[in-house]
There are 2 protein chains.
Amino acid sequence: MTQQNPRKIEVTELVLRDAHQSLLATRMATEDMIPACEDIDKAGYWSVECWGGATFDSCIRFLNEDPWERLRTFRKLLPNSRLQMLLRGQNLLGYRHYEDTVVDRFVEKAAENGMDVFRVFDALNDVRNVRRAIRAVKRTGKHAQGTICYTISPLHTVQGYVELAEKLVDMGCDSLCIKDMAALLKPQPAYDIVSAIKESLGEAVRVHVHVHATTGVTLVSLMKAIEAGADAVDTSISALSLGPGHNPTESLVEMLEDTGYTTGLDMERLLRIKDHFAKIRPRYAEFLSNITGVETEIFQSQIPGGMISNMESQLKQQGAADRIREVLAEVPRVRADAGYPPLVTPSSQIVGTQAVFNVLMGRYKVLTGEFADLMLGYYGETIGPRNPEVISLAGAHAKKPSITQRPADLLTPEWDQLRAGALALEGCNGSDEDVLTHSMFPQVAPRFFKTRAQGPKNVGRDPRAAAAPQPASGAPAPGQTPVRTPITYEVKLDGRTHTVTVTPA
Amino acid sequence: MTQQNPRKIEVTELVLRDAHQSLLATRMATEDMIPACEDIDKAGYWSVECWGGATFDSCIRFLNEDPWERLRTFRKLLPNSRLQMLLRGQNLLGYRHYEDTVVDRFVEKAAENGMDVFRVFDALNDVRNVRRAIRAVKRTGKHAQGTICYTISPLHTVQGYVELAEKLVDMGCDSLCIKDMAALLKPQPAYDIVSAIKESLGEAVRVHVHVHATTGVTLVSLMKAIEAGADAVDTSISALSLGPGHNPTESLVEMLEDTGYTTGLDMERLLRIKDHFAKIRPRYAEFLSNITGVETEIFQSQIPGGMISNMESQLKQQGAADRIREVLAEVPRVRADAGYPPLVTPSSQIVGTQAVFNVLMGRYKVLTGEFADLMLGYYGETIGPRNPEVISLAGAHAKKPSITQRPADLLTPEWDQLRAGALALEGCNGSDEDVLTHSMFPQVAPRFFKTRAQGPKNVGRDPRAAAAPQPASGAPAPGQTPVRTPITYEVKLDGRTHTVTVTPA
């Protein structure tokens, strides 16, 4: 198998975005990333992922950092690198659909501030929800990467993923990403899907593979994806890898030795990057994920780890912590009723919370507004038909019809109104960037604008300073899930009031 | 690649021996293993590794447990399982060569007490040091597994490993094991070596593969070994896996789904075994290895993690902690002078300590007795020629000639003497088992015989009992290497006395 001219496998480094989002509750300050930037820039990565919804949210919620300024800093310190972001299609970095011109504006501004590669996904794999963003990226001349959210269900097939890939390529995507957010992608499906896409769409279609490490099998899946023709894979430097994070970059490099593939990465620089983040990591010990080892149970439940801990804390609030097993059994049923959406933000929260409601109050006795919207098509189309009985309950609950058109088609131009709303806030600097920040995080931005001038607040702490770390004020306890946008429901049933708070996993 | 009749891949479960040796300093008490035994026995493993040098040592040194009684307990609780042990050839479980009839006696007694599979290795891969033990195993009718210690050097080649395999098969071994104690085995060499052995010796020769997880690549190596025809692999249940330990059993099972291979293991039982050890693990937090993540630096230095921490503590004792980089650079040179031995107990300690001496006192200004013996052939033959200049220094130091014969050929029958020595001890029960215990651990056994009647001492602690754990009396601090047999040298040089303590990594 050894080859004289090994095929180059490109690598996207995740340490500046998804790695600390998955492992350190997205709390890493820009100043703790800066010393590694020169080595990152020169190590030979295809791209450096460094921006996304949770990092943006965390900047303004916890770190008093302007996320746009963070982006400009990366642009300056990583002059030779493609900067990459994760974009939730029509949701941008927020939690609702935005009207098309807002999508355009966001993409323009991100490109202008230095973004090169836009990985665009929709939680339901509804391509109508990514089309506008992809077009906007193409218009800026930047790299548009269309994303396939990988999941498992009786309806998800290799052929189905190939058809999705075709639609994304037809849309003009410069590359494809198979995104396995829950570490469910096993070696054989990885091989089969990448092979089938390459066979069907041609070798020239770039395929990137993004996997998490939670189940312990996905480095093997990357090997198989590479053997099937994948062009690029995502990893994170070892000091911030494994558990709910990703496979270690250095291990990928070593794994490929003499195989006929090579990353071409500079190992000396990688080890310096590792040393840096190994020093930084203990500063964020209080935010460290409480999932540390391997969790193969995900294959049985098909419920990502972050979603389980979320449901557990909801149950605890209701004094019903002992009912988690019932909820875990209820999730697949709710997911089936909802047409088998992938479980990723926001569908994971919507399905999980409804499962909690079903167990606590009886099946579909109470619906959340979000679940009703999901059933009625307001998040888009699902792969499978949705349960008509539950749809009609949803219609009665939400007092609105089910829809089949693209959800954003219901929206009217909103930029002027969003702009006016932002400009009225103390501390808003009047830029389009500030308007976008406020549009995406209307609950958090006002306070951030007010305090911005005080400068960044590093929430990392010298591990020697305190033997028993106490959570900083307002910060979640260690091991809780990353950045949250809590939504609190008050639900009345048989005269009793239940308060349920839902936070994104 | 999917097949109708997947090929069965057998699994050896390591949780009862190598896993807690690698992760918890070998401290797990038998009573903490017992509740998992029924599930282990019925999960479908090919064998259950449960005995070896460090677990034996730890039983009598720290746990006041009779290791023979532990073996009999396993035999009773695992009636359907092959029990497996790791045997250091002519060294048995001790640190010197034993005369042949002692080797015979040990193997007989181990078989009699319930052992089924003997994995026999020699640190130098000198087959003369394993022959007697293999013959003894064959005579009992038990399974003799010949071991190839995997290492990397300019002299180690695929062809060389095949030739070693041939010698072991010619000796009558029932199977072969490729033993990668330092996690150096990458996917391509794993594939190449297993393929070459199968091609050269025939499909019928059973090949087992044992890897550690330290470098993060070795689950992929197991996949490649399986594709090349490996019959069995070693893993440990996830709750005691990764880091300096092994790949998780559950991940192996899931990895193989739909690949044309299957373990046939019962996942429900595996998850119960996991749950048990996940509960037990925190009780041994103070003994947990301080290597937690992935360490690919091993590929560059080729020095196992345990050996580095050992050398660091030696340097610290000399107030020379800052010279570790010099020592790391010295190790490959000493190893080359010594003919490129694999670095595994005891060669890792011998080479590492000599490298420390060379840096502190000048190259080969002072030799340890063990290093002189290694250079003079008293541990056996090495793959490469040894440096003649250093050999002559060693001869002058040790005042004895270099040898080429099998080291144990120099020994005269010693059983009667060993028996007399043991029987003179307070608390010795006069059994051959006690004589063997004392023969292998003459410094530790006398105290154990005296205290044995007090019964097992569980050194695990309820994690809630103490926020800041304090090491139990006599126990090493957290993160130190496993069971030790410290040897203290006093070295005089230019009028100054240096004290250097050497402990097995």
# chains A, B, ... in the order shown; residues from 1 in each chain; ligands from 1
$ interface_residues --of "chain B" --to "chain A" --cutoff "7 Å" --atoms "only C-alpha atoms" --output "list in words"
Lys186, Pro187, Gln188, Thr215, Gly216, Val217, Leu219, Val220, Ser238, Ala239, Glu250, Ser251, Met255, Asp258, Thr259, Gly293, Val294 and Thr296 of chain B
$ write_last_selection --atoms "N, CA and C atoms" --output "PDB file, in the first residue's frame"
ATOM      1  N   LYS B 186       2.117   1.764  14.329  1.00  0.00           N
ATOM      2  CA  LYS B 186       1.236   2.546  13.455  1.00  0.00           C
ATOM      3  C   LYS B 186       0.454   1.620  12.529  1.00  0.00           C
ATOM      4  N   PRO B 187      -0.595   2.155  11.913  1.00  0.00           N
ATOM      5  CA  PRO B 187      -1.452   1.302  11.069  1.00  0.00           C
ATOM      6  C   PRO B 187      -0.707   0.539   9.974  1.00  0.00           C
ATOM      7  N   GLN B 188       0.162   1.216   9.232  1.00  0.00           N
ATOM      8  CA  GLN B 188       0.795   0.535   8.102  1.00  0.00           C
ATOM      9  C   GLN B 188       1.733  -0.592   8.541  1.00  0.00           C
ATOM     10  N   THR B 215      -0.475   6.976  22.063  1.00  0.00           N
ATOM     11  CA  THR B 215      -0.231   7.877  20.933  1.00  0.00           C
ATOM     12  C   THR B 215      -1.501   8.188  20.141  1.00  0.00           C
ATOM     13  N   GLY B 216      -2.603   7.564  20.491  1.00  0.00           N
ATOM     14  CA  GLY B 216      -3.883   7.905  19.857  1.00  0.00           C
ATOM     15  C   GLY B 216      -4.144   7.251  18.516  1.00  0.00           C
ATOM     16  N   VAL B 217      -3.194   6.507  17.970  1.00  0.00           N
ATOM     17  CA  VAL B 217      -3.374   5.966  16.613  1.00  0.00           C
ATOM     18  C   VAL B 217      -3.704   4.474  16.593  1.00  0.00           C
ATOM     19  N   LEU B 219      -6.009   2.315  17.653  1.00  0.00           N
ATOM     20  CA  LEU B 219      -7.256   1.629  17.272  1.00  0.00           C
ATOM     21  C   LEU B 219      -7.269   1.458  15.746  1.00  0.00           C
ATOM     22  N   VAL B 220      -6.723   2.440  15.059  1.00  0.00           N
ATOM     23  CA  VAL B 220      -6.582   2.314  13.605  1.00  0.00           C
ATOM     24  C   VAL B 220      -5.619   1.176  13.278  1.00  0.00           C
ATOM     25  N   SER B 238     -14.201   0.471  28.414  1.00  0.00           N
ATOM     26  CA  SER B 238     -13.931   1.903  28.240  1.00  0.00           C
ATOM     27  C   SER B 238     -13.659   2.642  29.534  1.00  0.00           C
ATOM     28  N   ALA B 239     -14.311   2.246  30.623  1.00  0.00           N
ATOM     29  CA  ALA B 239     -14.143   2.986  31.873  1.00  0.00           C
ATOM     30  C   ALA B 239     -12.710   2.940  32.377  1.00  0.00           C
ATOM     31  N   GLU B 250     -15.653  -1.497  23.870  1.00  0.00           N
ATOM     32  CA  GLU B 250     -16.904  -1.155  23.194  1.00  0.00           C
ATOM     33  C   GLU B 250     -16.643  -0.467  21.853  1.00  0.00           C
ATOM     34  N   SER B 251     -15.601   0.362  21.793  1.00  0.00           N
ATOM     35  CA  SER B 251     -15.305   1.049  20.531  1.00  0.00           C
ATOM     36  C   SER B 251     -14.865   0.047  19.466  1.00  0.00           C
ATOM     37  N   MET B 255     -16.739  -0.242  16.037  1.00  0.00           N
ATOM     38  CA  MET B 255     -15.909   0.047  14.871  1.00  0.00           C
ATOM     39  C   MET B 255     -16.100  -0.989  13.767  1.00  0.00           C
ATOM     40  N   ASP B 258     -20.619  -3.880  10.310  1.00  0.00           N
ATOM     41  CA  ASP B 258     -20.783  -3.896   8.846  1.00  0.00           C
ATOM     42  C   ASP B 258     -19.482  -3.935   8.062  1.00  0.00           C
ATOM     43  N   THR B 259     -18.371  -4.236   8.721  1.00  0.00           N
ATOM     44  CA  THR B 259     -17.095  -4.202   7.994  1.00  0.00           C
ATOM     45  C   THR B 259     -16.720  -5.549   7.409  1.00  0.00           C
ATOM     46  N   GLY B 293      -3.950  12.528  28.238  1.00  0.00           N
ATOM     47  CA  GLY B 293      -4.293  12.720  26.835  1.00  0.00           C
ATOM     48  C   GLY B 293      -3.423  11.858  25.937  1.00  0.00           C
ATOM     49  N   VAL B 294      -3.237  12.362  24.752  1.00  0.00           N
ATOM     50  CA  VAL B 294      -2.470  11.657  23.737  1.00  0.00           C
ATOM     51  C   VAL B 294      -1.050  12.211  23.726  1.00  0.00           C
ATOM     52  N   THR B 296       2.018  11.967  21.243  1.00  0.00           N
ATOM     53  CA  THR B 296       2.662  11.445  20.041  1.00  0.00           C
ATOM     54  C   THR B 296       4.163  11.679  20.054  1.00  0.00           C
TER      55      THR B 296
END
$ select_by_dssp --residues "segment 128-352 of chain B" --states "strand (DSSP E or B)" --output "short mmCIF file (atom, residue, chain, number, x, y, z; two decimals) with N, CA and C atoms, in the first residue's frame"
data_model
loop_
_atom_site.label_atom_id
_atom_site.label_comp_id
_atom_site.auth_asym_id
_atom_site.auth_seq_id
_atom_site.Cartn_x
_atom_site.Cartn_y
_atom_site.Cartn_z
N HIS B 143 -2.24 -23.24 26.81
CA HIS B 143 -1.98 -22.49 25.58
C HIS B 143 -0.70 -21.65 25.75
N ALA B 144 0.28 -21.91 24.88
CA ALA B 144 1.54 -21.15 24.92
C ALA B 144 1.52 -20.11 23.80
N GLN B 145 1.59 -18.85 24.22
CA GLN B 145 1.59 -17.77 23.23
C GLN B 145 2.98 -17.13 23.20
N GLY B 146 3.62 -17.21 22.05
CA GLY B 146 4.94 -16.60 21.88
C GLY B 146 4.80 -15.14 21.52
N THR B 147 5.68 -14.31 22.10
CA THR B 147 5.49 -12.87 21.99
C THR B 147 6.62 -12.19 21.23
N ILE B 148 6.24 -11.28 20.36
CA ILE B 148 7.18 -10.41 19.65
C ILE B 148 7.04 -9.03 20.26
N CYS B 149 8.08 -8.54 20.96
CA CYS B 149 8.02 -7.17 21.48
C CYS B 149 8.28 -6.23 20.31
N SER B 175 0.09 -19.81 19.56
CA SER B 175 -0.29 -18.56 18.89
C SER B 175 0.85 -17.58 19.07
N LEU B 176 0.76 -16.48 18.34
CA LEU B 176 1.76 -15.41 18.45
C LEU B 176 1.08 -14.15 18.95
N CYS B 177 1.85 -13.33 19.65
CA CYS B 177 1.36 -12.01 20.03
C CYS B 177 2.35 -10.96 19.58
N ILE B 178 1.83 -9.94 18.90
CA ILE B 178 2.65 -8.75 18.63
C ILE B 178 2.33 -7.79 19.75
N LYS B 179 3.34 -7.51 20.58
CA LYS B 179 3.11 -6.76 21.82
C LYS B 179 3.72 -5.37 21.67
N ASP B 180 2.86 -4.37 21.63
CA ASP B 180 3.30 -2.98 21.44
C ASP B 180 3.08 -2.23 22.74
N VAL B 207 -2.58 -15.00 15.16
CA VAL B 207 -1.85 -13.78 15.52
C VAL B 207 -2.75 -12.90 16.40
N HIS B 208 -2.27 -12.59 17.61
CA HIS B 208 -2.94 -11.67 18.52
C HIS B 208 -2.18 -10.34 18.50
N VAL B 209 -2.88 -9.25 18.69
CA VAL B 209 -2.20 -7.95 18.68
C VAL B 209 -2.55 -7.19 19.96
N HIS B 210 -1.49 -6.80 20.67
CA HIS B 210 -1.64 -6.06 21.92
C HIS B 210 -1.06 -4.67 21.72
N VAL B 211 -1.87 -3.64 21.87
CA VAL B 211 -1.37 -2.26 21.74
C VAL B 211 -1.84 -1.42 22.92
N ALA B 232 -6.99 -12.03 16.80
CA ALA B 232 -7.47 -11.54 18.09
C ALA B 232 -6.75 -10.25 18.44
N VAL B 233 -7.44 -9.41 19.18
CA VAL B 233 -6.84 -8.15 19.64
C VAL B 233 -7.16 -7.96 21.11
N ASP B 234 -6.36 -7.12 21.76
CA ASP B 234 -6.52 -6.84 23.18
C ASP B 234 -7.15 -5.46 23.37
N THR B 235 -8.15 -5.37 24.21
CA THR B 235 -8.76 -4.08 24.54
C THR B 235 -9.16 -4.09 26.01
N SER B 236 -9.54 -2.92 26.50
CA SER B 236 -10.04 -2.85 27.87
C SER B 236 -11.36 -2.10 27.89
N PRO B 248 -10.71 1.14 23.92
CA PRO B 248 -11.91 0.67 24.61
C PRO B 248 -12.56 -0.52 23.88
N TYR B 261 -16.19 -7.98 9.64
CA TYR B 261 -15.58 -8.56 10.84
C TYR B 261 -16.54 -8.34 11.99
N THR B 262 -16.49 -9.22 12.96
CA THR B 262 -17.34 -9.01 14.13
C THR B 262 -16.69 -9.67 15.34
#
$ residues_around --residues "Asp41 of chain B" --least-positions-apart "2" --cutoff "8 Å" --atoms "only C-alpha atoms" --output "NGL selection string"
:B and (37-39 or 43-45 or 77-81)
$ write_last_selection --atoms "N, CA and C atoms" --output "mmCIF file, in the first residue's frame"
data_model
loop_
_atom_site.group_PDB
_atom_site.id
_atom_site.type_symbol
_atom_site.label_atom_id
_atom_site.label_comp_id
_atom_site.auth_asym_id
_atom_site.auth_seq_id
_atom_site.Cartn_x
_atom_site.Cartn_y
_atom_site.Cartn_z
ATOM 1 N N CYS B 37 -17.308 -9.997 37.449
ATOM 2 C CA CYS B 37 -16.829 -11.259 36.882
ATOM 3 C C CYS B 37 -17.902 -12.021 36.099
ATOM 4 N N GLU B 38 -19.132 -12.020 36.591
ATOM 5 C CA GLU B 38 -20.150 -12.785 35.868
ATOM 6 C C GLU B 38 -20.348 -12.231 34.451
ATOM 7 N N ASP B 39 -20.430 -10.909 34.342
ATOM 8 C CA ASP B 39 -20.591 -10.327 33.001
ATOM 9 C C ASP B 39 -19.358 -10.554 32.134
ATOM 10 N N ALA B 43 -19.506 -12.467 28.504
ATOM 11 C CA ALA B 43 -19.576 -11.471 27.422
ATOM 12 C C ALA B 43 -19.101 -12.026 26.083
ATOM 13 N N GLY B 44 -18.341 -13.132 26.132
ATOM 14 C CA GLY B 44 -17.885 -13.720 24.870
ATOM 15 C C GLY B 44 -16.433 -13.445 24.525
ATOM 16 N N TYR B 45 -15.636 -13.093 25.518
ATOM 17 C CA TYR B 45 -14.210 -12.865 25.263
ATOM 18 C C TYR B 45 -13.495 -14.171 24.915
ATOM 19 N N LEU B 77 -14.751 -17.773 39.589
ATOM 20 C CA LEU B 77 -15.770 -16.814 39.141
ATOM 21 C C LEU B 77 -15.836 -16.675 37.624
ATOM 22 N N LEU B 78 -14.862 -17.209 36.924
ATOM 23 C CA LEU B 78 -14.832 -17.107 35.459
ATOM 24 C C LEU B 78 -14.752 -18.513 34.862
ATOM 25 N N PRO B 79 -15.741 -19.358 35.177
ATOM 26 C CA PRO B 79 -15.631 -20.781 34.812
ATOM 27 C C PRO B 79 -15.613 -21.019 33.305
ATOM 28 N N ASN B 80 -16.186 -20.092 32.537
ATOM 29 C CA ASN B 80 -16.247 -20.302 31.082
ATOM 30 C C ASN B 80 -15.127 -19.605 30.329
ATOM 31 N N SER B 81 -14.244 -18.926 31.063
ATOM 32 C CA SER B 81 -13.253 -18.084 30.389
ATOM 33 C C SER B 81 -11.868 -18.697 30.393
#
$ atom_distance --atom1 "atom CA of Glu381 of chain B" --atom2 "atom CA of Pro342 of chain B"
11.7 Å
$ select_by_dssp --residues "segment 292-390 of chain B" --states "helix (DSSP H, G or I)" --output "MDAnalysis selection string"
chainID B and resid 297:301 305:317 321:337 347:361 369:376 388:390
$ closest_residue --among "B:Thr101, B:Thr437, B:Asn429, B:Asn5" --to "Arg61 of chain B" --atoms "only C-alpha atoms"
B:Thr437
$ closest_residue --among "B:Leu155, B:Lys457, B:Pro346, B:Gly319" --to "Pro385 of chain B" --atoms "only C-alpha atoms"
B:Leu155
$ residues_around --residues "segment 126-136 of chain A" --least-positions-apart "2" --cutoff "6 Å" --atoms "only C-alpha atoms" --output "NGL selection string"
:A and (89-90 or 104 or 124 or 138-139 or 144 or 381)
$ write_last_selection --atoms "C-alpha atoms" --output "mmCIF file, in the first residue's frame"
data_model
loop_
_atom_site.group_PDB
_atom_site.id
_atom_site.type_symbol
_atom_site.label_atom_id
_atom_site.label_comp_id
_atom_site.auth_asym_id
_atom_site.auth_seq_id
_atom_site.Cartn_x
_atom_site.Cartn_y
_atom_site.Cartn_z
ATOM 1 C CA GLY A 89 -27.847 28.618 7.244
ATOM 2 C CA GLN A 90 -30.888 30.843 7.456
ATOM 3 C CA ASP A 104 -26.655 38.510 2.700
ATOM 4 C CA LEU A 124 -32.903 19.351 9.250
ATOM 5 C CA LYS A 138 -20.446 32.743 -3.721
ATOM 6 C CA ARG A 139 -21.144 36.420 -4.405
ATOM 7 C CA ALA A 144 -18.892 27.948 0.185
ATOM 8 C CA GLU A 381 -38.813 19.827 5.820
#
$ residues_around --residues "segment 20-23 of chain A" --least-positions-apart "2" --cutoff "8 Å" --atoms "only C-alpha atoms" --output "PDB file with C-alpha atoms, in the first residue's frame"
ATOM      1  CA  VAL A  15      -8.690  24.238  18.352  1.00  0.00           C
ATOM      2  CA  LEU A  16      -9.812  27.858  18.036  1.00  0.00           C
ATOM      3  CA  ARG A  17     -13.539  27.019  17.708  1.00  0.00           C
ATOM      4  CA  ASP A  18     -15.132  23.613  18.078  1.00  0.00           C
ATOM      5  CA  ALA A  25     -17.742  25.428  27.385  1.00  0.00           C
ATOM      6  CA  THR A  26     -16.501  27.879  24.694  1.00  0.00           C
ATOM      7  CA  ARG A  27     -14.806  30.008  27.317  1.00  0.00           C
ATOM      8  CA  MET A  28     -11.344  30.513  25.840  1.00  0.00           C
ATOM      9  CA  ALA A  54     -21.301  29.507  20.291  1.00  0.00           C
ATOM     10  CA  THR A  55     -17.957  31.348  20.136  1.00  0.00           C
ATOM     11  CA  LEU A 240      -7.653  19.966  23.452  1.00  0.00           C
ATOM     12  CA  SER A 241      -8.911  16.720  21.963  1.00  0.00           C
ATOM     13  CA  GLY A 243     -13.932  13.080  24.888  1.00  0.00           C
ATOM     14  CA  PRO A 244     -16.746  15.171  23.389  1.00  0.00           C
ATOM     15  CA  GLY A 245     -14.087  16.965  21.340  1.00  0.00           C
ATOM     16  CA  PHE A 287     -15.517  24.667  32.548  1.00  0.00           C
ATOM     17  CA  LEU A 288     -14.156  21.279  31.490  1.00  0.00           C
ATOM     18  CA  SER A 289     -16.730  18.845  30.112  1.00  0.00           C
ATOM     19  CA  PRO A 482     -21.625  25.382  26.495  1.00  0.00           C
TER      20      PRO A 482
END
$ closest_residue --among "B:Val435, B:Ala453, B:Gly430, B:Val444" --to "Arg105 of chain B" --atoms "only C-alpha atoms"
B:Val435
